[in-house]
Amino acid sequence: MDQKNKFKVQDNQYTFPYHHISALDENCYPLRHRLDSPAFGYLCYIYHIKEMVEKSNPTSVLDVGCGDGRFISELSDDIEKVGCDLSYRAIQFAKGFNPQFTYYNEDVNNLNSVFDVVTCIETLEHVPDCDVDSFINDLANKTKKSGKVIISVPTTVVPLKNKHYRHYNIGTFNNELESSKAPLQIKKISIYI
């Protein structure tokens, strides 16, 4: 599947309620959490990443590939929260759910600010192989010198989805970071399946 079609597969998934409501009960009332929903797994790791971000005591966070804005909506109110995504549909959801935050329907490279923390949650696998090095460098360039980049990617234990270019193990992830020559140092690797 070519690059345009992979993007379209993901973009078409931005339909209500996406990550914000994982299911409806028998009376059509929203259930925000449901154990058998794929959204529940996503919520678990965004709460883990939320804890990692908030332990850094940042004043600003950029979520690259923010989708519908669910992650930044979970962060503490005293943090400046910015999201960017290439999907117009995703950004419209993000603005609808959380209009108080700043969103850009832009490539991260086009943003002019730098942030204490830059997150890239389940996004790197959507980047075409030929663009991975520059994308990782863009993440580093949008991070303050004393800041952090937090990246989460799907594991190779999970079958490759048609909207993804690759899944990761520690070796492939480290190889991509090294290949990018981005000024990043790995401080911690967490594995969750």
# chains A, B, ... in the order shown; residues from 1 in each chain; ligands from 1
>>> residues_around(residues="segment 144-149 of chain A", least_positions_apart="2", cutoff="7 Å", atoms="only C-alpha atoms", output="ChimeraX atom specification")
/A:114-119,140,142,151
>>> residues_around(residues="segment 121-123 of chain A", least_positions_apart="3", cutoff="8 Å", atoms="only C-alpha atoms", output="PyMOL selection string")
chain A and resi 63-66+126-127+150-154
>>> residues_around(residues="Glu80 of chain A", least_positions_apart="4", cutoff="7 Å", atoms="only C-alpha atoms", output="short mmCIF file (atom, residue, chain, number, x, y, z; two decimals) with N, CA and C atoms, in the first residue's frame")
data_model
loop_
_atom_site.label_atom_id
_atom_site.label_comp_id
_atom_site.auth_asym_id
_atom_site.auth_seq_id
_atom_site.Cartn_x
_atom_site.Cartn_y
_atom_site.Cartn_z
N THR A 59 6.61 23.01 31.70
CA THR A 59 5.66 24.12 31.54
C THR A 59 5.01 24.06 30.17
N SER A 60 5.62 23.28 29.24
CA SER A 60 5.05 23.17 27.89
C SER A 60 5.24 21.76 27.34
N VAL A 61 4.22 21.29 26.62
CA VAL A 61 4.25 19.96 26.00
C VAL A 61 3.72 20.08 24.58
#
>>> residues_around(residues="Lys8 of chain A", least_positions_apart="6", cutoff="12 Å", atoms="only C-alpha atoms", output="ChimeraX atom specification")
/A:1-2,14,86-90,126,162-164
>>> closest_residue(among="A:Asp77, A:Asp131, A:Val108, A:Phe71", to="Ala94 of chain A", atoms="only C-alpha atoms")
A:Phe71
>>> atom_distance(atom1="atom CA of Arg70 of chain A", atom2="atom CA of Ile91 of chain A")
11.1 Å
>>> residues_around(residues="segment 180-190 of chain A", least_positions_apart="2", cutoff="8 Å", atoms="only C-alpha atoms", output="mmCIF file with C-alpha atoms, in the first residue's frame")
data_model
loop_
_atom_site.group_PDB
_atom_site.id
_atom_site.type_symbol
_atom_site.label_atom_id
_atom_site.label_comp_id
_atom_site.auth_asym_id
_atom_site.auth_seq_id
_atom_site.Cartn_x
_atom_site.Cartn_y
_atom_site.Cartn_z
ATOM 1 C CA VAL A 132 11.920 8.601 9.607
ATOM 2 C CA ASP A 133 15.383 10.168 10.080
ATOM 3 C CA SER A 134 14.187 13.713 9.379
ATOM 4 C CA ILE A 136 13.104 12.091 14.538
ATOM 5 C CA ASN A 137 15.343 15.127 14.026
ATOM 6 C CA ALA A 140 14.597 16.752 18.720
ATOM 7 C CA GLU A 176 16.233 4.223 13.795
ATOM 8 C CA LEU A 177 17.358 6.580 16.545
ATOM 9 C CA GLU A 178 21.028 6.013 15.667
ATOM 10 C CA TYR A 192 4.307 -2.913 27.606
#
